[in-house]
>>> print(open('upload.tsv').read())   # TSV, C-alpha atoms
chain	number	residue	atom	x	y	z
A	178	MET	CA	-32.15	34.76	8.17
A	179	SER	CA	-29.85	32.50	10.21
A	180	SER	CA	-26.23	31.96	9.32
A	181	GLU	CA	-27.05	28.30	8.58
A	182	THR	CA	-29.72	29.34	6.06
A	183	THR	CA	-27.40	31.85	4.46
A	184	LEU	CA	-24.67	29.24	3.97
A	185	THR	CA	-27.10	26.70	2.57
A	186	SER	CA	-28.77	29.05	0.12
A	187	ALA	CA	-25.41	30.31	-1.12
A	188	ARG	CA	-24.31	26.70	-1.83
A	189	ARG	CA	-20.85	27.38	-0.48
A	190	PRO	CA	-18.21	24.69	-1.13
A	191	GLY	CA	-17.56	22.51	1.85
A	192	ARG	CA	-21.08	22.62	3.20
A	193	PRO	CA	-22.34	19.16	2.20
A	194	ALA	CA	-26.02	18.45	2.42
A	195	ARG	CA	-27.23	16.61	5.49
A	196	GLY	CA	-26.54	12.90	5.11
A	197	THR	CA	-23.69	13.35	2.61
A	198	GLU	CA	-20.84	13.69	5.11
A	199	GLY	CA	-19.30	10.44	3.87
A	200	GLU	CA	-19.33	11.78	0.33
A	201	ALA	CA	-17.40	14.84	1.46
A	202	THR	CA	-14.75	12.63	3.03
A	203	LEU	CA	-14.40	10.66	-0.19
A	204	ARG	CA	-14.03	13.92	-2.12
A	205	ILE	CA	-11.18	14.93	0.16
A	206	LEU	CA	-9.45	11.56	-0.22
A	207	ASP	CA	-9.92	11.60	-4.00
A	208	ALA	CA	-8.52	15.12	-4.25
A	209	ALA	CA	-5.61	14.51	-1.88
A	210	THR	CA	-4.29	11.32	-3.46
A	211	PRO	CA	-2.93	12.77	-6.74
A	212	ILE	CA	-1.64	15.87	-4.91
A	213	PHE	CA	0.37	13.79	-2.45
A	214	LEU	CA	1.66	11.57	-5.25
A	215	ALA	CA	2.72	14.51	-7.42
A	216	GLU	CA	4.07	16.88	-4.77
A	217	GLY	CA	5.03	14.66	-1.84
A	218	PHE	CA	3.88	15.12	1.73
A	219	GLU	CA	5.79	18.27	2.64
A	220	ALA	CA	4.92	20.30	-0.45
A	221	ALA	CA	1.27	19.28	-0.56
A	222	SER	CA	-0.87	21.93	1.10
A	223	ILE	CA	-4.25	21.70	2.75
A	224	ASP	CA	-5.26	24.78	0.76
A	225	SER	CA	-4.67	23.01	-2.55
A	226	ILE	CA	-6.40	19.87	-1.33
A	227	VAL	CA	-9.57	21.63	-0.13
A	228	ALA	CA	-9.65	23.66	-3.34
A	229	ALA	CA	-9.43	20.51	-5.45
A	230	ALA	CA	-12.09	18.82	-3.32
A	231	GLY	CA	-14.41	21.83	-3.50
A	232	ILE	CA	-14.85	22.03	0.25
A	233	SER	CA	-13.95	24.48	3.00
A	234	LYS	CA	-11.18	24.20	5.55
A	235	LYS	CA	-13.84	23.93	8.22
A	236	THR	CA	-15.23	20.84	6.51
A	237	PHE	CA	-11.73	19.45	6.21
A	238	TYR	CA	-10.93	19.84	9.90
A	239	VAL	CA	-14.23	18.26	10.92
A	240	ARG	CA	-12.99	15.09	9.27
A	241	PHE	CA	-9.22	15.20	9.66
A	242	ASN	CA	-7.10	16.60	12.46
A	243	SER	CA	-4.11	17.40	10.29
A	244	LYS	CA	-2.41	16.83	6.96
A	245	ALA	CA	-0.64	13.83	8.51
A	246	ASP	CA	-4.00	12.38	9.57
A	247	LEU	CA	-5.25	12.81	6.00
A	248	PHE	CA	-2.16	11.18	4.52
A	249	GLU	CA	-2.65	8.13	6.74
A	250	ALA	CA	-6.25	7.82	5.55
A	251	VAL	CA	-5.23	8.25	1.90
A	252	PHE	CA	-2.48	5.67	2.18
A	253	LEU	CA	-4.64	3.19	4.10
A	254	ARG	CA	-7.33	3.36	1.42
A	255	PHE	CA	-4.61	2.95	-1.22
A	256	ILE	CA	-3.43	-0.26	0.48
A	257	GLU	CA	-6.95	-1.61	0.96
A	258	GLU	CA	-7.64	-1.20	-2.76
A	259	ARG	CA	-4.59	-3.27	-3.73
A	260	ILE	CA	-4.02	-6.01	-1.15
A	261	PRO	CA	-7.16	-8.01	-2.14
A	262	VAL	CA	-5.62	-8.67	-5.57
A	263	ILE	CA	-2.69	-10.42	-3.87
A	264	GLU	CA	-4.95	-12.23	-1.40
A	265	ARG	CA	-7.02	-13.68	-4.25
A	266	GLU	CA	-3.90	-15.11	-5.86
A	267	ALA	CA	-2.93	-16.73	-2.56
A	268	GLY	CA	-6.28	-18.49	-2.39
A	269	HIS	CA	-5.65	-20.78	-5.36
A	270	VAL	CA	-4.69	-24.40	-4.71
A	271	GLY	CA	-1.35	-25.61	-6.02
A	272	SER	CA	2.18	-26.68	-5.23
A	273	ALA	CA	4.51	-24.65	-3.03
A	274	SER	CA	6.22	-23.36	-6.16
A	275	ASP	CA	2.94	-22.28	-7.75
A	276	CYS	CA	1.64	-20.68	-4.56
A	277	LEU	CA	4.80	-18.72	-3.76
A	278	HIS	CA	5.27	-17.64	-7.35
A	279	ARG	CA	1.67	-16.41	-7.67
A	280	ILE	CA	1.90	-14.38	-4.46
A	281	ALA	CA	5.29	-12.89	-5.32
A	282	LEU	CA	4.26	-12.07	-8.88
A	283	ALA	CA	1.01	-10.42	-7.80
A	284	SER	CA	2.91	-8.48	-5.12
A	285	LEU	CA	5.47	-7.18	-7.60
A	286	LYS	CA	2.74	-6.22	-10.06
A	287	VAL	CA	1.30	-4.03	-7.32
A	288	ALA	CA	4.59	-2.79	-5.88
A	289	LEU	CA	6.35	-1.93	-9.14
A	290	THR	CA	3.99	0.84	-10.20
A	291	PRO	CA	4.75	4.58	-10.12
A	292	ASP	CA	2.08	5.30	-7.48
A	293	VAL	CA	3.30	2.65	-5.04
A	294	ILE	CA	6.91	3.74	-5.48
A	295	ALA	CA	5.88	7.37	-4.92
A	296	PHE	CA	4.21	6.43	-1.63
A	297	GLN	CA	7.29	4.44	-0.61
A	298	ARG	CA	9.47	7.49	-1.21
A	299	ILE	CA	7.18	9.74	0.81
A	300	ILE	CA	7.12	7.31	3.74
A	301	THR	CA	10.90	6.98	3.67
A	302	ALA	CA	11.41	10.73	3.51
A	303	GLU	CA	9.04	11.36	6.43
A	304	ALA	CA	10.07	8.37	8.56
A	305	ILE	CA	11.72	10.47	11.28
A	306	ARG	CA	8.92	13.01	11.71
A	307	PHE	CA	6.01	10.68	11.02
A	308	PRO	CA	6.89	7.08	11.90
A	309	GLN	CA	3.17	6.31	11.95
A	310	PHE	CA	3.20	6.28	8.13
A	311	ALA	CA	5.58	3.33	8.12
A	312	LEU	CA	3.44	1.62	10.77
A	313	VAL	CA	0.41	1.86	8.50
A	314	MET	CA	2.41	0.32	5.65
A	315	ASN	CA	3.63	-2.47	7.91
A	316	ASP	CA	0.42	-3.24	9.80
A	317	PHE	CA	-2.01	-3.07	6.88
A	318	GLY	CA	0.25	-4.06	3.98
A	319	GLN	CA	3.45	-5.89	4.73
A	320	SER	CA	2.08	-7.90	7.66
A	321	ARG	CA	-0.79	-9.19	5.56
A	322	LEU	CA	1.58	-10.15	2.77
A	323	HIS	CA	3.82	-11.88	5.31
A	324	SER	CA	0.83	-13.88	6.58
A	325	LEU	CA	0.03	-15.07	3.06
A	326	ILE	CA	3.58	-16.34	2.62
A	327	GLU	CA	3.51	-18.05	6.01
A	328	ARG	CA	0.27	-19.83	5.18
A	329	CYS	CA	1.68	-21.02	1.87
A	330	LEU	CA	4.81	-22.34	3.59
A	331	GLU	CA	2.78	-24.07	6.29
A	332	GLN	CA	0.71	-25.88	3.67
A	333	ALA	CA	3.87	-26.94	1.84
A	334	VAL	CA	5.37	-28.28	5.08
A	335	GLU	CA	2.18	-30.25	5.82
A	336	ALA	CA	2.25	-31.69	2.30
A	337	GLY	CA	5.88	-32.76	2.79
A	338	GLU	CA	7.14	-30.58	-0.08
A	339	ILE	CA	9.53	-28.62	2.10
A	340	LYS	CA	11.04	-28.76	5.55
A	341	VAL	CA	11.15	-25.42	7.38
A	342	PRO	CA	11.82	-25.28	11.13
A	343	ASP	CA	10.94	-21.59	11.45
A	344	ILE	CA	8.07	-20.48	9.21
A	345	ARG	CA	8.26	-16.79	10.14
A	346	PHE	CA	11.99	-16.61	9.46
A	347	ALA	CA	11.54	-18.42	6.16
A	348	ALA	CA	8.81	-15.96	5.12
A	349	ASP	CA	11.13	-13.06	5.96
A	350	CYS	CA	13.86	-14.60	3.81
A	351	PHE	CA	11.46	-15.18	0.92
A	352	LEU	CA	10.24	-11.58	0.90
A	353	ASN	CA	13.78	-10.24	1.22
A	354	LEU	CA	14.84	-12.32	-1.77
A	355	THR	CA	11.89	-11.69	-4.06
A	356	MET	CA	10.51	-8.25	-3.16
A	357	ARG	CA	13.13	-6.04	-1.60
A	358	PRO	CA	15.77	-5.86	-4.38
A	359	PRO	CA	13.49	-4.75	-7.27
A	360	VAL	CA	11.41	-2.44	-5.07
A	361	ASP	CA	14.46	-0.81	-3.49
A	362	ARG	CA	16.04	-0.22	-6.90
A	363	ALA	CA	12.84	1.42	-8.12
A	364	VAL	CA	12.56	3.61	-4.99
A	365	LEU	CA	16.17	4.76	-5.50
A	366	GLY	CA	15.51	5.52	-9.15
A	367	LEU	CA	17.97	2.90	-10.38
A	368	GLU	CA	15.27	1.11	-12.34
A	369	ARG	CA	11.87	2.03	-13.69
A	370	ALA	CA	8.82	1.08	-11.64
A	371	GLU	CA	7.58	-1.65	-13.94
A	372	LEU	CA	7.50	-5.44	-14.02
A	373	THR	CA	9.54	-6.34	-17.09
A	374	HIS	CA	10.11	-9.72	-18.73
A	375	VAL	CA	13.60	-9.78	-17.22
A	376	LYS	CA	12.21	-9.21	-13.71
A	377	ARG	CA	9.59	-11.91	-14.21
A	378	ALA	CA	12.27	-14.40	-15.22
A	379	ALA	CA	14.46	-13.38	-12.26
A	380	LEU	CA	11.51	-13.83	-9.92
A	381	LYS	CA	10.87	-17.36	-11.15
A	382	ARG	CA	14.53	-18.29	-10.64
A	383	THR	CA	14.52	-16.72	-7.17
A	384	VAL	CA	11.45	-18.68	-6.07
A	385	GLU	CA	13.03	-21.95	-7.21
A	386	PHE	CA	16.32	-21.02	-5.52
A	387	PHE	CA	14.45	-20.41	-2.26
A	388	LEU	CA	12.52	-23.67	-2.47
A	389	GLU	CA	15.62	-25.68	-3.29
A	390	SER	CA	17.08	-24.61	0.05
A	391	CYS	CA	13.90	-25.71	1.84
A	392	ARG	CA	13.39	-29.14	0.30
A	393	PRO	CA	14.04	-32.14	2.56
>>> encode(input="upload.tsv", output="structure tokens")
Amino acid sequence: MSSETTLTSARRPGRPARGTEGEATLRILDAATPIFLAEGFEAASIDSIVAAAGISKKTFYVRFNSKADLFEAVFLRFIEERIPVIEREAGHVGSASDCLHRIALASLKVALTPDVIAFQRIITAEAIRFPQFALVMNDFGQSRLHSLIERCLEQAVEAGEIKVPDIRFAADCFLNLTMRPPVDRAVLGLERAELTHVKRAALKRTVEFFLESCRP
């Protein structure tokens, strides 16, 4: 009996049936996500991840080169599951105030959750050794959010609601005003990762403050 037959008949973990390789990858991602979130990047081990996924290390390394490679894939999938919610809110027609408020509110609903804050902390902690984590967050998350804000501002300028000479700079200012303070406080543990009534009210005031400075 060949070694391949022996492995198949024994139904060893990590030997997915032919044609189910994608399923094995999903099992790894599903198993790794809660482990990274609970233990952080450094403490999470490949041994615990493959055990939770029910696969072998050989199967793991066929799909991922390293733990860092896996973390990037986990985080990218995490972003791709959440950004569409914000993009849908940006697609509604309305005034500059409505558009900016919808985008910022949807963004904070996503950002101020324990899982997102946990990922932010991991990326910050590993920024020196693994700058590629921050690049994933920027290229697939923050840049897309920035583009939504820019589009909203451009439409408001065309409608004559506001006057903004530098759209990109204005989008930076908007995000720094609305997103950074509450997210940073949550990452530092100064506030809970939740969107409270007080934060909603503060967001509305901040959006109007920003627009007031942009009106002709």
>>> residues_around(input="upload.tsv", residues="segment 236-252 of chain A", least_positions_apart="3", cutoff="7 Å", atoms="all atoms listed in the file", output="VMD selection string")
chain A and resid 191 to 192 202 206 210 223 232 to 233 255 to 256 310
>>> closest_residue(input="upload.tsv", among="A:Ala348, A:Lys376, A:Glu219, A:Ile300", to="Cys329 of chain A", atoms="only C-alpha atoms")
A:Ala348
>>> closest_atom_pairs(input="upload.tsv", of="segment 246-333 of chain A", to="segment 340-346 of chain A", cutoff="12 Å", atoms="all atoms listed in the file", output="tab-separated table")
residue	atom	partner	partner_atom	distance
A:Ala273	CA	A:Lys340	CA	11.5
A:Ser320	CA	A:Arg345	CA	11.1
A:Leu322	CA	A:Arg345	CA	12.0
A:His323	CA	A:Arg345	CA	8.2
A:Ser324	CA	A:Arg345	CA	8.7
A:Leu325	CA	A:Arg345	CA	11.0
A:Ile326	CA	A:Arg345	CA	8.9
A:Glu327	CA	A:Ile344	CA	6.1
A:Arg328	CA	A:Ile344	CA	8.8
A:Cys329	CA	A:Ile344	CA	9.7
A:Leu330	CA	A:Ile344	CA	6.8
A:Glu331	CA	A:Ile344	CA	7.0
A:Gln332	CA	A:Ile344	CA	10.7
A:Ala333	CA	A:Lys340	CA	8.3
>>> atom_distance(input="upload.tsv", atom1="atom CA of Ser390 of chain A", atom2="atom CA of Cys350 of chain A")
11.2 Å
>>> residues_around(input="upload.tsv", residues="Pro291 of chain A", least_positions_apart="6", cutoff="10 Å", atoms="only C-alpha atoms", output="ChimeraX atom specification")
/A:214,297,363-364,369-371
>>> write_last_selection(input="upload.tsv", atoms="C-alpha atoms", output="PDB file, in the frame of the given file")
ATOM      1  CA  LEU A 214       1.660  11.570  -5.250  1.00  0.00           C
ATOM      2  CA  GLN A 297       7.290   4.440  -0.610  1.00  0.00           C
ATOM      3  CA  ALA A 363      12.840   1.420  -8.120  1.00  0.00           C
ATOM      4  CA  VAL A 364      12.560   3.610  -4.990  1.00  0.00           C
ATOM      5  CA  ARG A 369      11.870   2.030 -13.690  1.00  0.00           C
ATOM      6  CA  ALA A 370       8.820   1.080 -11.640  1.00  0.00           C
ATOM      7  CA  GLU A 371       7.580  -1.650 -13.940  1.00  0.00           C
TER       8      GLU A 371
END
>>> closest_residue(input="upload.tsv", among="A:Cys391, A:Leu282, A:Ile205, A:Ile263", to="His374 of chain A", atoms="only C-alpha atoms")
A:Leu282
>>> closest_residue(input="upload.tsv", among="A:Pro393, A:Gly318, A:Gly231, A:Pro308", to="Ala201 of chain A", atoms="all atoms listed in the file")
A:Gly231
>>> atom_distance(input="upload.tsv", atom1="atom CA of Val293 of chain A", atom2="atom CA of Phe351 of chain A")
20.5 Å
>>> closest_residue(input="upload.tsv", among="A:Val375, A:Ile260, A:Leu365, A:Ala229", to="Thr301 of chain A", atoms="all atoms listed in the file")
A:Leu365
>>> atom_distance(input="upload.tsv", atom1="atom CA of Met356 of chain A", atom2="atom CA of Ser284 of chain A")
7.9 Å
>>> closest_residue(input="upload.tsv", among="A:Leu354, A:Leu367, A:Ala311, A:Ile305", to="Leu380 of chain A", atoms="all atoms listed in the file")
A:Leu354
>>> closest_residue(input="upload.tsv", among="A:Gly268, A:Arg254, A:Leu289, A:Asp275", to="Val384 of chain A", atoms="all atoms listed in the file")
A:Asp275
